[in-house]
Amino acid sequence: ELKETPDFIEQTSRIEKDVLRTDRTLPLFATDSGFGGGDEANISEHRLPGSSASLEKMKDILMTFHRYDQGVLGYVQGMSDLLAPIYSVYQDEPTTFWAFTAFMKRMRSHFLHDQSGMQDELSTMAQLVEIANPRLHKHLVQCDADNMFCCYRWLLIWFKREFGFEDVLRLWEVLWTDFLTDRFVLFVALAILQRHADVIIDHLRSPEEVLKYVQDLSDTIDLNDVLKGAEMCFYKVRFRVNAVEQIRKIRNLPLFVSSTSDNEPAAAAAVKGENEESSSADAEVPLMTFEWEDNQNSGSGEKDPLLKGDETPESDISRTPPLTSSRGSILDSDGKEMSPEDAKLDDGTTLPRISEAVHRIFAESSYNEVNSTV
């Protein structure tokens with residue numbers, strides 16, 4: 001009876017189409033003519049390639065997950081990409097199913113039907129870009145690409161289609177450790193954008209061009225380079241966010257904006273009063289004296305202003321000085337004390353408004369657990 005229900009028929013068809021298009025270049029998922037014939041015959045008749053024992057198991061796992069999770073979400077297109085690496089490691093249906101189910105508890109928000117989870121990811125991504133590279137963010141705004149839709153596929157399935165299969169396994173191992181933060185994937189994306197910022201700024205003029213350029217980076221990205229860059233980006237953004245929040249605290253302003261996503265209408269209405277009340281105070285709060293330079297693109301040859309002397313980002317970014325002294329005074333990027341009056345720019349630039357999502361990345365970061373010993 002279950003197999004005759006409209007939902008079962010629809011999901012079986014959807015899962016089959018997705019699975020039969022997943023990682024077919026890998027020997028593990030190559031067509032086995034013993035399971036319904038070869039590719040040529042199947043494509044001619046069904047417009048889909050042939051199957052194999054592993055692919056049939058993947059279908060069963062995803063259909064079982066759909067039934068198991070149906071009251072919450074069920075199967076959504078793209079989940080087959082997340083299953084393939086896990087199956088390749090275990091190659092056992094029960095173990096793979098439970099490992100995948102545990103993984104989907106973490107990734108479920110990416111697949112919500114109202115897209116709210118991915119909107120939150122992209123909104124947070126946009127502010128990280130704005131903090132790390134204001135010049136790039138300004139250009140993306142001018143290109144109408146500041147919604148960061150160019151990063152959608154990266155974040156949705158954790159760079160599954162951007163790296164070779166073995167590199168995907170390595171990357172996911174890093175992300176599963178929650179190194180520095182459980183949202184380290186955002187800093188992986190940020191590091192890639194930083195590496196290509198000059199090209200984006202100098203040559204791309206529309207959201208379509210940005211999207212095409214970013215998607216064409218698939219299989220051209222060096223994972224080791226990106227992981228180093230992601231760690232550097234984490235420390236750079238962390239320093240700047242904490243600097244902003246220290247001054248906001250001194251001036252009795254809210255540390256961050258909104259208690260929920262700024263993408264949601266309800267959230268926007270909830271913070272409207274707060275924004276109007278604090279806008280005049282915000283306008284009086286200047287940035288700190290350390291430079292938020294425009295030219296901070298990785299590979300540009302210019303030093304990051306948070307580094308000192310001849311230090312290199314790879315070896316010394318982790319030694320960024322603490323933000324405050326033992327007496328609570330604000331420190332500049334060289335570790336020297338500054339008074340609130342000294343922490344100003346002559347141009348009167350207003351202080352950035354940090355979102356709650358960005359605030360929580362660093363408030364909950366594992367780095368804070370050891371920060372007191374630095």
# chains A, B, ... in the order shown; residues from 1 in each chain; ligands from 1

call {"tool": "closest_atom_pairs", "arguments": {"of": "range 74-150 of chain A", "to": "range 351-362 of chain A", "cutoff": "8 Å", "atoms": "only C-alpha atoms", "output": "JSON lines"}}
result
{"residue": "A:Thr124", "atom": "CA", "partner": "A:Val358", "partner_atom": "CA", "distance": 6.4}
{"residue": "A:Gln127", "atom": "CA", "partner": "A:Val358", "partner_atom": "CA", "distance": 7.7}
{"residue": "A:Leu128", "atom": "CA", "partner": "A:Val358", "partner_atom": "CA", "distance": 7.5}

call {"tool": "write_last_selection", "arguments": {"atoms": "N, CA, C and O atoms", "output": "compact mmCIF listing (two decimals), in the first residue's frame"}}
result
# COMPACT_ATOMS: atom_id res chain seq x y z
N THR A 124 24.84 36.11 6.67
CA THR A 124 26.05 36.10 7.50
C THR A 124 27.30 36.17 6.64
O THR A 124 28.25 36.88 6.97
N GLN A 127 28.01 39.75 5.56
CA GLN A 127 28.63 40.63 6.55
C GLN A 127 30.08 40.25 6.82
O GLN A 127 30.92 41.13 7.04
N LEU A 128 30.40 38.97 6.75
CA LEU A 128 31.81 38.58 6.90
C LEU A 128 32.65 39.18 5.79
O LEU A 128 33.78 39.65 6.03

call {"tool": "select_by_dssp", "arguments": {"residues": "range 59-220 of chain A", "states": "helix (DSSP H, G or I)", "output": "JSON, numbers by chain"}}
result
{"A": [59, 60, 61, 62, 63, 64, 65, 66, 67, 68, 79, 80, 81, 82, 83, 84, 85, 86, 87, 88, 89, 90, 93, 94, 95, 96, 97, 98, 99, 100, 101, 102, 103, 104, 105, 106, 107, 108, 109, 110, 111, 116, 117, 118, 119, 120, 121, 122, 123, 124, 125, 126, 127, 128, 129, 130, 131, 132, 134, 135, 136, 137, 138, 139, 140, 141, 142, 149, 150, 151, 152, 153, 154, 155, 156, 165, 166, 167, 168, 169, 170, 171, 172, 173, 174, 175, 176, 184, 185, 186, 187, 188, 189, 190, 191, 192, 193, 194, 195, 197, 198, 199, 200, 201, 202, 203, 207, 208, 209, 210, 211, 212, 213, 214, 215]}

call {"tool": "closest_residue", "arguments": {"among": "A:Lys17, A:His139, A:Lys59, A:Arg161", "to": "Asp202 in chain A", "atoms": "only C-alpha atoms"}}
result
A:His139

call {"tool": "residues_around", "arguments": {"residues": "Asp182 in chain A", "least_positions_apart": "4", "cutoff": "8 Å", "atoms": "only C-alpha atoms", "output": "list in words"}}
result
Leu175, Trp176, Thr177, Asp178, Ile361 and Ser365 of chain A

call {"tool": "write_last_selection", "arguments": {"atoms": "C-alpha atoms", "output": "compact mmCIF listing (two decimals), in the first residue's frame"}}
result
# COMPACT_ATOMS: atom_id res chain seq x y z
CA LEU A 175 34.52 21.01 9.26
CA TRP A 176 33.26 18.20 11.49
CA THR A 177 35.90 19.04 14.09
CA ASP A 178 34.26 22.48 14.55
CA ILE A 361 30.31 33.01 15.81
CA SER A 365 34.04 30.14 19.33

call {"tool": "closest_residue", "arguments": {"among": "A:Val129, A:Asn147, A:Ala102, A:Ser52", "to": "Cys233 in chain A", "atoms": "only C-alpha atoms"}}
result
A:Val129
